[in-house]
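Structure data (compact mmCIF, C-alpha atoms) from input-v3.txt:
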```
# COMPACT_ATOMS: atom_id res chain seq x y z
CA MET A 1 220.35 108.71 26.18
CA LEU A 2 223.05 110.15 28.42
CA PHE A 3 223.08 113.59 29.95
CA GLN A 4 226.17 115.66 29.39
CA PHE A 5 227.64 117.32 32.48
CA SER A 6 230.41 119.87 32.89
CA THR A 7 233.99 118.62 33.21
CA GLU A 8 234.03 119.44 36.92
CA ILE A 9 230.81 117.55 37.62
CA GLN A 10 232.03 114.58 35.57
CA ARG A 11 235.20 114.51 37.68
CA ARG A 12 233.23 114.54 40.93
CA LEU A 13 230.87 111.85 39.62
CA ALA A 14 233.88 109.68 38.80
CA THR A 15 235.28 110.04 42.33
CA GLY A 16 231.92 109.24 43.92
CA GLU A 17 231.64 112.68 45.51
CA LEU A 18 228.47 113.30 43.47
CA VAL A 19 225.80 110.89 42.26
CA GLN A 20 223.29 111.29 39.46
CA VAL A 21 219.66 111.53 40.59
CA LEU A 22 217.43 108.64 39.52
CA SER A 23 213.66 108.53 39.16
CA LYS A 24 211.66 106.00 41.17
CA ASN A 25 211.93 103.66 38.17
CA GLY A 26 215.69 104.04 37.97
CA VAL A 27 215.79 106.46 35.03
CA PRO A 28 218.81 108.85 35.23
CA LEU A 29 217.77 112.52 35.48
CA SER A 30 219.63 115.71 34.56
CA LEU A 31 220.49 116.50 38.19
CA VAL A 32 223.31 115.49 40.55
CA ARG A 33 223.50 115.53 44.33
CA ASP A 34 226.13 115.24 47.04
CA ALA A 35 226.68 111.58 47.87
CA VAL A 36 226.88 112.32 51.60
CA THR A 37 224.55 115.24 52.34
CA GLY A 38 222.03 114.62 49.55
CA GLN A 39 222.10 118.29 48.56
CA PHE A 40 221.51 119.01 44.87
CA LYS A 41 224.76 120.30 43.41
CA GLY A 42 224.36 120.72 39.67
CA GLN A 43 222.52 119.97 36.46
CA ALA A 44 223.33 118.70 32.98
CA ILE A 45 224.44 121.05 30.21
CA GLY A 46 223.23 118.92 27.32
CA VAL A 47 222.37 115.46 26.05
CA THR A 48 224.34 112.94 24.04
CA GLY A 49 223.00 110.29 21.71
CA LEU A 50 219.88 112.22 20.74
CA ASN A 51 219.26 114.81 18.04
CA PRO A 52 215.46 115.19 17.91
CA PHE A 53 213.73 116.68 14.90
CA THR A 54 211.12 118.80 16.71
CA ALA A 55 211.61 118.31 20.46
CA MET A 56 213.99 120.66 22.31
CA PRO A 57 216.28 119.01 24.92
CA GLY A 58 217.01 122.45 26.38
CA LEU A 59 213.46 122.65 27.72
CA ILE A 60 214.16 119.60 29.90
CA ILE A 61 217.49 120.72 31.28
CA ASP A 62 216.49 124.32 31.76
CA GLY A 63 213.62 123.82 34.18
CA TRP A 64 215.14 123.12 37.57
CA ASN A 65 215.38 126.79 38.56
CA ALA A 66 211.61 127.13 38.18
CA TYR A 67 211.20 124.65 41.05
CA GLN A 68 213.42 126.74 43.31
CA GLY A 69 211.00 129.39 44.46
CA GLY A 70 211.04 131.36 41.23
CA LYS A 71 214.80 131.45 40.62
CA ILE A 72 214.15 131.34 36.89
CA LEU A 73 215.48 134.92 36.75
CA ASP A 74 218.96 133.49 37.27
CA GLN A 75 218.56 131.34 34.17
CA GLY A 76 217.00 133.95 31.90
CA ARG A 77 219.49 133.85 29.03
CA GLN A 78 219.43 130.07 28.81
CA THR A 79 215.63 130.06 28.94
CA LEU A 80 215.56 132.39 25.95
CA GLN A 81 217.97 130.08 24.14
CA ALA A 82 215.58 127.16 24.51
CA VAL A 83 212.53 129.24 23.54
CA ASN A 84 214.25 130.72 20.50
CA ALA A 85 215.18 127.23 19.32
CA LEU A 86 211.47 126.37 19.34
CA ALA A 87 210.61 129.47 17.31
CA GLN A 88 213.28 128.68 14.73
CA ALA A 89 212.05 125.10 14.44
CA VAL A 90 208.47 126.19 13.72
CA ASN A 91 209.67 128.81 11.25
CA LEU A 92 211.66 126.30 9.22
CA LEU A 93 209.06 123.52 9.34
CA GLN A 94 206.40 125.96 8.19
CA ALA A 95 208.64 127.19 5.37
CA THR A 96 209.05 123.67 4.02
CA THR A 97 205.28 123.47 3.45
CA ALA A 98 205.75 126.19 0.82
CA VAL A 99 208.05 123.79 -1.03
CA ILE A 100 205.91 120.67 -0.59
CA GLY A 101 202.64 122.27 -1.66
CA VAL A 102 199.07 121.11 -1.01
CA GLY A 103 197.97 118.40 -3.45
CA VAL A 104 200.05 115.67 -5.05
CA ALA A 105 203.64 116.39 -4.09
CA ALA A 106 206.41 116.55 -6.67
CA THR A 107 209.17 114.02 -6.06
CA ALA A 108 211.88 116.67 -6.38
CA ALA A 109 210.11 118.89 -3.83
CA LEU A 110 209.90 116.12 -1.25
CA ALA A 111 213.55 115.20 -1.76
CA ALA A 112 214.53 118.86 -1.31
CA VAL A 113 213.05 119.12 2.20
CA ASN A 114 213.22 115.57 3.55
CA LEU A 115 214.71 114.78 6.96
CA TYR A 116 218.32 114.98 5.75
CA GLN A 117 217.86 118.19 3.77
CA THR A 118 215.86 119.89 6.53
CA LEU A 119 218.56 119.10 9.09
CA LYS A 120 221.08 120.73 6.75
CA LEU A 121 218.75 123.67 6.17
CA ARG A 122 218.77 124.40 9.90
CA GLN A 123 222.42 125.32 9.62
CA GLU A 124 222.12 127.07 6.25
CA VAL A 125 219.18 129.20 7.35
CA ALA A 126 221.16 130.45 10.34
CA SER A 127 224.23 131.31 8.27
CA LEU A 128 222.44 132.82 5.26
CA ARG A 129 220.16 135.07 7.34
CA LEU A 130 217.29 134.40 4.96
CA GLU A 131 214.35 136.76 4.69
CA VAL A 132 211.22 135.94 6.69
CA LYS A 133 207.96 137.11 5.14
CA ASP A 134 204.60 136.56 6.84
CA GLY A 135 206.06 133.82 9.03
CA PHE A 136 207.69 131.97 6.13
CA ILE A 137 211.44 131.77 5.56
CA GLU A 138 212.30 132.41 1.92
CA LEU A 139 213.99 129.11 1.06
CA LYS A 140 214.60 129.64 -2.65
CA GLN A 141 218.07 131.04 -2.05
CA ALA A 142 219.08 128.04 0.04
CA LEU A 143 217.58 125.58 -2.47
CA ARG A 144 218.72 127.26 -5.69
CA ALA A 145 221.58 124.80 -6.12
CA GLN A 146 219.04 121.98 -6.52
CA GLY A 147 217.94 123.27 -9.89
CA LEU A 148 215.62 125.65 -11.70
CA GLU A 149 212.85 123.05 -11.88
CA LEU A 150 212.52 123.07 -8.10
CA ILE A 151 212.52 126.88 -7.98
CA ALA A 152 209.77 126.94 -10.62
CA HIS A 153 207.80 124.44 -8.55
CA ILE A 154 208.09 126.66 -5.46
CA ASP A 155 206.81 129.61 -7.51
CA ARG A 156 203.84 127.53 -8.69
CA VAL A 157 203.01 126.52 -5.12
CA ALA A 158 203.09 130.18 -4.09
CA GLU A 159 200.46 130.98 -6.74
CA ASP A 160 198.22 128.03 -5.91
CA VAL A 161 194.88 129.35 -4.63
CA GLU A 162 194.43 126.66 -1.98
CA PHE A 163 197.97 127.04 -0.65
CA ARG A 164 197.59 130.81 -0.50
CA HIS A 165 194.54 130.27 1.72
CA HIS A 166 196.58 127.92 3.93
CA ARG A 167 199.45 130.38 3.98
CA THR A 168 197.18 133.14 5.30
CA ILE A 169 196.07 130.94 8.21
CA LEU A 170 199.62 129.77 8.95
CA ALA A 171 201.02 133.31 8.80
CA GLN A 172 198.41 134.48 11.30
CA ALA A 173 199.12 131.52 13.59
CA TYR A 174 202.88 132.01 13.46
CA GLY A 175 202.50 135.73 14.11
CA LEU A 176 200.56 135.00 17.30
CA PHE A 177 203.04 132.28 18.32
CA ASN A 178 205.96 134.65 17.81
CA GLN A 179 204.23 137.43 19.78
CA ALA A 180 203.69 134.99 22.64
CA LEU A 181 207.38 134.06 22.71
CA VAL A 182 208.42 137.72 22.66
CA ARG A 183 206.07 138.37 25.56
CA LEU A 184 207.51 135.34 27.39
CA GLN A 185 210.99 136.83 27.07
CA ALA A 186 209.73 139.91 28.88
CA ALA A 187 207.71 137.91 31.43
CA ILE A 188 210.67 135.98 32.80
CA THR A 189 212.45 139.25 33.66
CA VAL A 190 209.64 140.44 35.96
CA GLN A 191 210.94 140.60 39.54
CA ASP A 192 207.61 140.17 41.34
CA LEU A 193 206.75 136.45 41.34
CA ALA A 194 202.96 136.91 41.27
CA LEU A 195 203.16 139.36 38.36
CA ARG A 196 205.57 137.08 36.52
CA HIS A 197 203.20 134.13 36.86
CA ALA A 198 200.29 136.28 35.66
CA ASP A 199 202.29 137.34 32.59
CA ILE A 200 203.27 133.74 31.85
CA THR A 201 199.61 132.71 32.10
CA SER A 202 198.75 135.40 29.53
CA VAL A 203 201.50 134.03 27.29
CA ARG A 204 200.02 130.56 27.58
CA ASP A 205 196.60 131.90 26.57
CA MET A 206 198.20 133.34 23.42
CA LEU A 207 199.90 130.01 22.71
CA PHE A 208 196.58 128.21 22.98
CA GLN A 209 195.12 130.69 20.47
CA ALA A 210 198.01 130.03 18.08
CA LEU A 211 197.53 126.30 18.60
CA ALA A 212 193.86 126.61 17.66
CA ASP A 213 194.89 128.28 14.38
CA TYR A 214 197.44 125.56 13.59
CA ASP A 215 194.79 122.95 14.44
CA ASN A 216 192.39 124.53 11.93
CA PRO A 217 190.84 121.61 9.96
CA GLN A 218 191.05 123.69 6.77
CA LEU A 219 194.84 123.28 6.88
CA LEU A 220 194.49 119.52 6.55
CA LYS A 221 192.11 119.43 3.58
CA ASN A 222 193.40 117.96 0.31
CA ILE A 223 197.02 117.83 1.47
CA ASN A 224 199.57 115.10 0.89
CA ALA A 225 201.17 113.00 3.63
CA ALA A 226 204.36 115.08 3.75
CA ALA A 227 202.50 118.38 4.08
CA TYR A 228 200.32 116.81 6.77
CA ILE A 229 203.21 115.75 8.99
CA ARG A 230 205.02 119.10 8.64
CA ARG A 231 201.90 121.03 9.65
CA ARG A 232 201.42 118.74 12.62
CA GLU A 233 205.06 119.15 13.66
CA CYS A 234 204.35 122.86 14.08
CA VAL A 235 201.51 121.91 16.43
CA TRP A 236 203.86 119.71 18.46
CA ALA A 237 206.34 122.56 18.89
CA ILE A 238 203.64 124.89 20.21
CA GLN A 239 202.44 122.21 22.63
CA GLN A 240 206.02 122.00 23.94
CA ALA A 241 206.00 125.75 24.50
CA ILE A 242 202.75 125.43 26.46
CA ALA A 243 204.29 122.71 28.65
CA PHE A 244 207.30 124.96 29.21
CA THR A 245 205.10 127.79 30.53
CA TYR A 246 203.74 125.43 33.20
CA GLN A 247 207.31 124.47 34.06
CA LEU A 248 208.29 128.13 34.44
CA GLN A 249 205.48 128.45 36.98
CA GLY A 250 206.71 125.43 38.95
CA GLN A 251 203.71 123.20 38.09
CA PRO A 252 205.21 119.75 37.38
CA SER A 253 201.87 117.89 37.33
CA SER A 254 200.56 120.22 34.62
CA VAL A 255 203.79 119.79 32.66
CA SER A 256 203.43 116.01 32.85
CA HIS A 257 199.79 116.10 31.71
CA GLN A 258 200.63 118.36 28.77
CA LEU A 259 203.52 116.12 27.70
CA GLN A 260 201.44 112.97 27.96
CA THR A 261 198.85 114.59 25.70
CA LEU A 262 201.59 115.69 23.30
CA CYS A 263 203.11 112.20 23.02
CA THR A 264 199.68 110.76 22.26
CA THR A 265 199.16 113.45 19.62
CA ILE A 266 202.52 112.68 17.99
CA ARG A 267 201.73 108.97 17.78
CA ASN A 268 198.25 109.58 16.35
CA ASP A 269 199.46 112.19 13.85
CA SER A 270 202.24 109.86 12.69
CA LEU A 271 199.75 107.04 12.16
CA ALA A 272 197.46 109.40 10.23
CA ALA A 273 200.36 110.47 8.02
CA VAL A 274 201.26 106.85 7.21
CA ASP A 275 197.63 106.16 6.30
CA GLN A 276 197.80 109.02 3.78
CA ILE A 277 200.86 107.71 1.91
CA SER A 278 199.90 107.36 -1.74
CA SER A 279 203.24 107.29 -3.57
CA GLN A 280 206.78 105.99 -3.36
CA ALA A 281 208.06 109.55 -2.93
CA GLU A 282 205.86 110.09 0.12
CA LEU A 283 207.08 106.87 1.74
CA ASP A 284 210.68 107.88 0.97
CA PHE A 285 209.99 111.18 2.73
CA LEU A 286 208.09 109.87 5.75
CA PHE A 287 209.92 106.70 6.74
CA PRO A 288 213.22 108.26 7.94
CA GLU A 289 211.39 111.20 9.54
CA ILE A 290 208.94 109.12 11.56
CA VAL A 291 211.74 106.80 12.71
CA ARG A 292 213.69 109.88 13.91
CA ILE A 293 210.60 111.19 15.70
CA HIS A 294 210.03 107.83 17.40
CA ASP A 295 213.65 107.19 18.39
CA HIS A 296 214.63 110.74 19.36
CA ASP A 297 211.71 113.14 19.87
CA LEU A 298 209.48 110.81 21.85
CA GLN A 299 212.46 109.75 23.97
CA VAL A 300 213.22 113.37 24.86
CA LEU A 301 209.59 114.10 25.71
CA ASN A 302 209.25 110.92 27.78
CA LEU A 303 212.32 111.88 29.79
CA TRP A 304 210.96 115.39 30.31
CA GLN A 305 207.74 113.85 31.62
CA THR A 306 209.71 111.49 33.88
CA GLN A 307 211.55 114.44 35.42
CA SER A 308 208.29 116.34 35.91
CA ASP A 309 206.69 113.31 37.57
CA TRP A 310 209.73 112.99 39.85
CA VAL A 311 209.37 116.61 41.02
CA ALA A 312 205.62 116.25 41.48
CA THR A 313 206.04 113.25 43.81
CA LEU A 314 208.87 114.63 45.96
CA GLN A 315 208.35 114.43 49.71
CA PRO A 316 208.17 117.82 51.51
CA ASP A 317 211.73 117.54 52.85
CA GLU A 318 213.11 116.68 49.40
CA LYS A 319 211.12 119.48 47.80
CA SER A 320 212.51 121.92 50.36
CA LEU A 321 216.01 120.64 49.65
CA LEU A 322 215.53 121.29 45.92
CA GLN A 323 214.11 124.76 46.56
CA HIS A 324 217.07 125.78 48.69
CA SER A 325 219.83 124.19 46.61
CA GLU A 326 222.24 126.50 44.83
CA LEU A 327 222.01 125.38 41.21
CA ASN A 328 224.14 127.77 39.19
CA PRO A 329 223.01 129.01 35.77
CA ILE A 330 224.38 126.89 32.92
CA ASP A 331 225.27 127.34 29.28
CA LEU A 332 223.25 124.80 27.33
CA LYS A 333 225.36 122.71 24.95
CA MET A 334 223.33 122.17 21.79
CA PRO A 335 223.85 119.25 19.36
CA SER A 336 226.79 119.83 17.02
CA THR A 337 225.77 121.28 13.68
CA ASP A 338 228.41 119.06 12.07
CA SER A 339 226.15 116.06 12.68
CA TRP A 340 223.49 117.64 10.45
CA LEU A 341 225.80 117.27 7.45
CA ASP A 342 226.00 113.48 7.82
CA VAL A 343 223.41 111.25 6.17
CA PRO A 344 220.97 110.39 9.00
CA SER A 345 221.13 106.81 10.22
CA GLU A 346 217.36 106.62 9.63
CA GLN A 347 217.93 107.24 5.91
CA THR A 348 220.57 104.51 5.75
CA LEU A 349 218.27 102.12 7.63
CA TYR A 350 215.43 102.83 5.21
CA GLU A 351 217.61 102.13 2.18
CA GLU A 352 218.73 98.83 3.71
CA LEU A 353 215.17 97.77 4.55
CA GLN A 354 213.96 98.62 1.06
CA LEU A 355 216.23 95.90 -0.34
CA LYS A 356 214.57 93.16 1.71
CA SER A 357 211.01 94.34 2.24
CA ASN A 358 208.02 95.84 0.45
CA ASN A 359 206.12 99.10 0.88
CA VAL A 360 203.17 97.53 2.71
CA THR A 361 205.48 96.04 5.32
CA LEU A 362 207.49 99.25 5.63
CA CYS A 363 204.32 101.23 6.31
CA ASN A 364 203.25 98.65 8.86
CA GLN A 365 206.62 98.92 10.55
CA LEU A 366 205.98 102.64 11.10
CA ARG A 367 202.51 101.87 12.44
CA LEU A 368 203.89 99.27 14.85
CA MET A 369 206.48 101.74 16.16
CA MET A 370 203.84 104.35 16.89
CA SER A 371 201.04 102.05 18.12
CA PRO A 372 201.90 99.72 21.04
CA ASN A 373 198.37 98.30 20.88
CA MET A 374 198.77 97.40 17.21
CA ARG A 375 202.13 95.79 17.94
CA LEU A 376 200.59 93.69 20.72
CA GLU A 377 197.75 92.63 18.40
CA TYR A 378 200.18 91.66 15.62
CA ALA A 379 202.44 89.76 18.04
CA SER A 380 199.47 87.83 19.42
CA THR A 381 198.33 86.87 15.91
CA ILE A 382 201.85 85.80 14.91
CA SER A 383 202.29 83.71 18.06
CA GLN A 384 198.98 81.90 17.55
CA GLN A 385 199.65 81.14 13.89
CA ALA A 386 203.25 80.13 14.63
CA GLN A 387 202.20 77.62 17.26
CA SER A 388 199.69 76.13 14.80
CA SER A 389 202.50 75.81 12.24
CA GLY A 390 204.91 74.18 14.67
CA LEU A 391 207.14 77.25 15.01
CA LYS A 392 207.49 77.01 18.77
CA ALA A 393 210.16 79.73 19.09
CA LEU A 394 207.76 82.53 18.15
CA THR A 395 206.31 82.98 21.62
CA MET A 396 204.94 86.25 22.98
CA ASP A 397 208.03 86.61 25.20
CA ASN A 398 210.38 86.30 22.23
CA LEU A 399 208.26 88.56 20.05
CA GLU A 400 208.30 91.23 22.75
CA ALA A 401 212.04 91.67 22.12
CA ALA A 402 211.70 91.66 18.32
CA SER A 403 212.03 94.82 16.24
CA ALA A 404 209.05 96.46 14.56
CA TYR A 405 210.60 95.39 11.24
CA THR A 406 210.61 91.73 12.32
CA ILE A 407 207.02 91.89 13.59
CA ALA A 408 205.83 93.54 10.37
CA ASN A 409 207.55 90.96 8.17
CA LEU A 410 206.36 87.99 10.21
CA HIS A 411 202.80 89.29 10.11
CA HIS A 412 203.07 89.74 6.33
CA TYR A 413 204.48 86.22 5.97
CA PHE A 414 201.65 84.60 7.93
CA GLN A 415 199.08 86.62 5.97
CA ILE A 416 200.48 85.14 2.76
CA GLU A 417 200.52 81.65 4.29
CA GLU A 418 196.92 82.00 5.44
CA GLY A 419 195.88 83.23 2.00
CA ALA A 420 197.57 80.27 0.32
CA LEU A 421 195.72 77.80 2.54
CA LYS A 422 192.40 79.36 1.61
```
Show me, as structure tokens, the structure contained in the file I just sent.
Amino acid sequence: MLFQFSTEIQRRLATGELVQVLSKNGVPLSLVRDAVTGQFKGQAIGVTGLNPFTAMPGLIIDGWNAYQGGKILDQGRQTLQAVNALAQAVNLLQATTAVIGVGVAATAALAAVNLYQTLKLRQEVASLRLEVKDGFIELKQALRAQGLELIAHIDRVAEDVEFRHHRTILAQAYGLFNQALVRLQAAITVQDLALRHADITSVRDMLFQALADYDNPQLLKNINAAAYIRRRECVWAIQQAIAFTYQLQGQPSSVSHQLQTLCTTIRNDSLAAVDQISSQAELDFLFPEIVRIHDHDLQVLNLWQTQSDWVATLQPDEKSLLQHSELNPIDLKMPSTDSWLDVPSEQTLYEELQLKSNNVTLCNQLRLMMSPNMRLEYASTISQQAQSSGLKALTMDNLEAASAYTIANLHHYFQIEEGALK
């Protein structure tokens, strides 16, 4: 992933007048400094190469002012932009659960709100100004072109007793989440730093309450794999908002801890969703989405954590330099909405893999992506069996560079071979 800087900063980077800040491990950060004096001179305005499904790049870029003695007031409008993007994401993800339903999911319903369609819905929802009722966007207008059968299905879901119970819990949770974000908008305008921090702490308490509602075990009873992942994606968004409140208070260690917990949650939730797959339609829905989450969302969150760790470990003189640097407010450049109209590369990849693999291996590929320990276990097994079969090239070093698809297929191959020998 590359950070996107203003034209002026790009020019000065090219001449060597400015240099991009690197973490201790050499990871480029969204900050530049004077090559001679070391003073921090600017920050990124966006990212290129990433378009995450639930994570918000603006939360990463927007945080430097919070580490400058409370200068977040100077960045108020951009902060609201990042926070509002989170609210819109939760609203849309929650609305798709009203299409998916609770029990066995209809194939047409899953196709209507899969990764590709949901990315397109982001743009359509903004342009159509759809009605929001009890925390749910009314999607029937946006989906009407997909046929009356789908609309009838949405109506049936709305009347389902179990979904209505879920909807009540979700509506309450979203209401609290939205109230917290409204209060946050007011909190960042408070001039007195101590009062501002107290207000932000109160906002965080509200977010934790909303998170508890979204984490309600009743929401996960008798639901299909697609409904499970969409409910959990709402949880991830709220956890990002909680991390952002710590960032607004200039607490990088707390931000890092929250993000580490979030990344673990995302991996575990993704594994749980794969384990619940019970139909071809659910695999069709989940595969592209989980690949996007792994390749984009987790990358964004890992970079956010890297930046927070960098701030937390700054020496006193460097920390003072950051606090007294004049970082001007920026206009965040969001991913182009035109890209949402293109078929996602994850969908194309899935269709290609389907031609040369089977569903068991495809599910295992998702598991291997989300579980480094499982990947290591599979690689070790493959290497041992390969050496016994005279396949000397399949060493642990070579397998380390192999894709999850390759590891999954090799493991499947050796399972078949072992079964044949028995």
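Closest approach to Arg232 of chain A from the set A:Asn51, A:Asn178, A:Gln249, A:Thr265 is made by A:Thr265, with distances taken over all atoms listed in the file.
Neighbours of Tyr413 of chain A closer than or equal to 12 Å, with all atoms listed in the file counted and sequence neighbours fewer than 4 positions away skipped, come out as Ser357, Asn358, Val360, Thr361, Tyr378, Thr381, Ile382, Gln385, Ala386, Thr406, Ile407, Ala408, Asn409, Glu417, Glu418, Gly419 and Ala420 of chain A.
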Item to check | Straight-line distance linking atom CA of Phe208 of chain A with atom CA of Gln172 of chain A, stated in Å to one decimal | outcome: 13.4 Å
Checklist entry - How many Å lie between atom CA of Asp215 of chain A and atom CA of Ser202 of chain A, rounded to one decimal? => result 20.0 Å
Next on the checklist: Considering only C-alpha atoms, can you say which of A:Tyr214, A:Phe285, A:Phe53, A:Phe5 comes closest to Asn114 of chain A?
Outcome noted: A:Phe285
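The space between atom CA of Ile200 of chain A and atom CA of Trp236 of chain A spans 19.4 Å.
Counting all atoms listed in the file, Ala401 of chain A has the following residues at most 12 Å away, ignoring those fewer than 5 positions along the same chain: Arg375, Leu376, Ala379, Leu394, Thr395, Met396, Thr406 and Ile407 of chain A.
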Next on the checklist: Set the distance at 10 Å and use all atoms listed in the file: which residues neighbour Asp295 of chain A once local chain neighbours fewer than 4 positions away are removed? I'd like the list as a PyMOL selection string.
Outcome noted: chain A and resi 50-52+289-291+299-300+346+369
Item to check | Residue nearest Gln209 of chain A - candidates A:Gly16, A:Gly175, A:Gly103, A:Gly135, atoms counted: only C-alpha atoms | outcome: A:Gly175
Checklist entry - Any idea what's packed within 10 Å of Asn222 of chain A, counting all atoms listed in the file, ignoring anything in its chain fewer than 6 positions away? Could you give it as number ranges by chain? => result A: 102-104, 162, 228
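Among the candidates A:Thr107, A:Asn302, A:Thr201, A:Gln94, the one nearest to Ala55 of chain A when counting only C-alpha atoms is A:Asn302.
Non-sequential neighbours of segment 37-47 of chain A (distance at most 6 Å, separation of 4 or more positions within a chain, all atoms listed in the file) are Leu2, Phe3, Gln4, Phe5, Ser30, Leu31, Val32, Arg33, Ser325, Leu327, Leu332 and Lys333 of chain A.
Distances here use only C-alpha atoms; by that measure, the residue among A:Ala198, A:Ala180, A:Ala98, A:Ala171 closest to Ile151 of chain A is A:Ala98.
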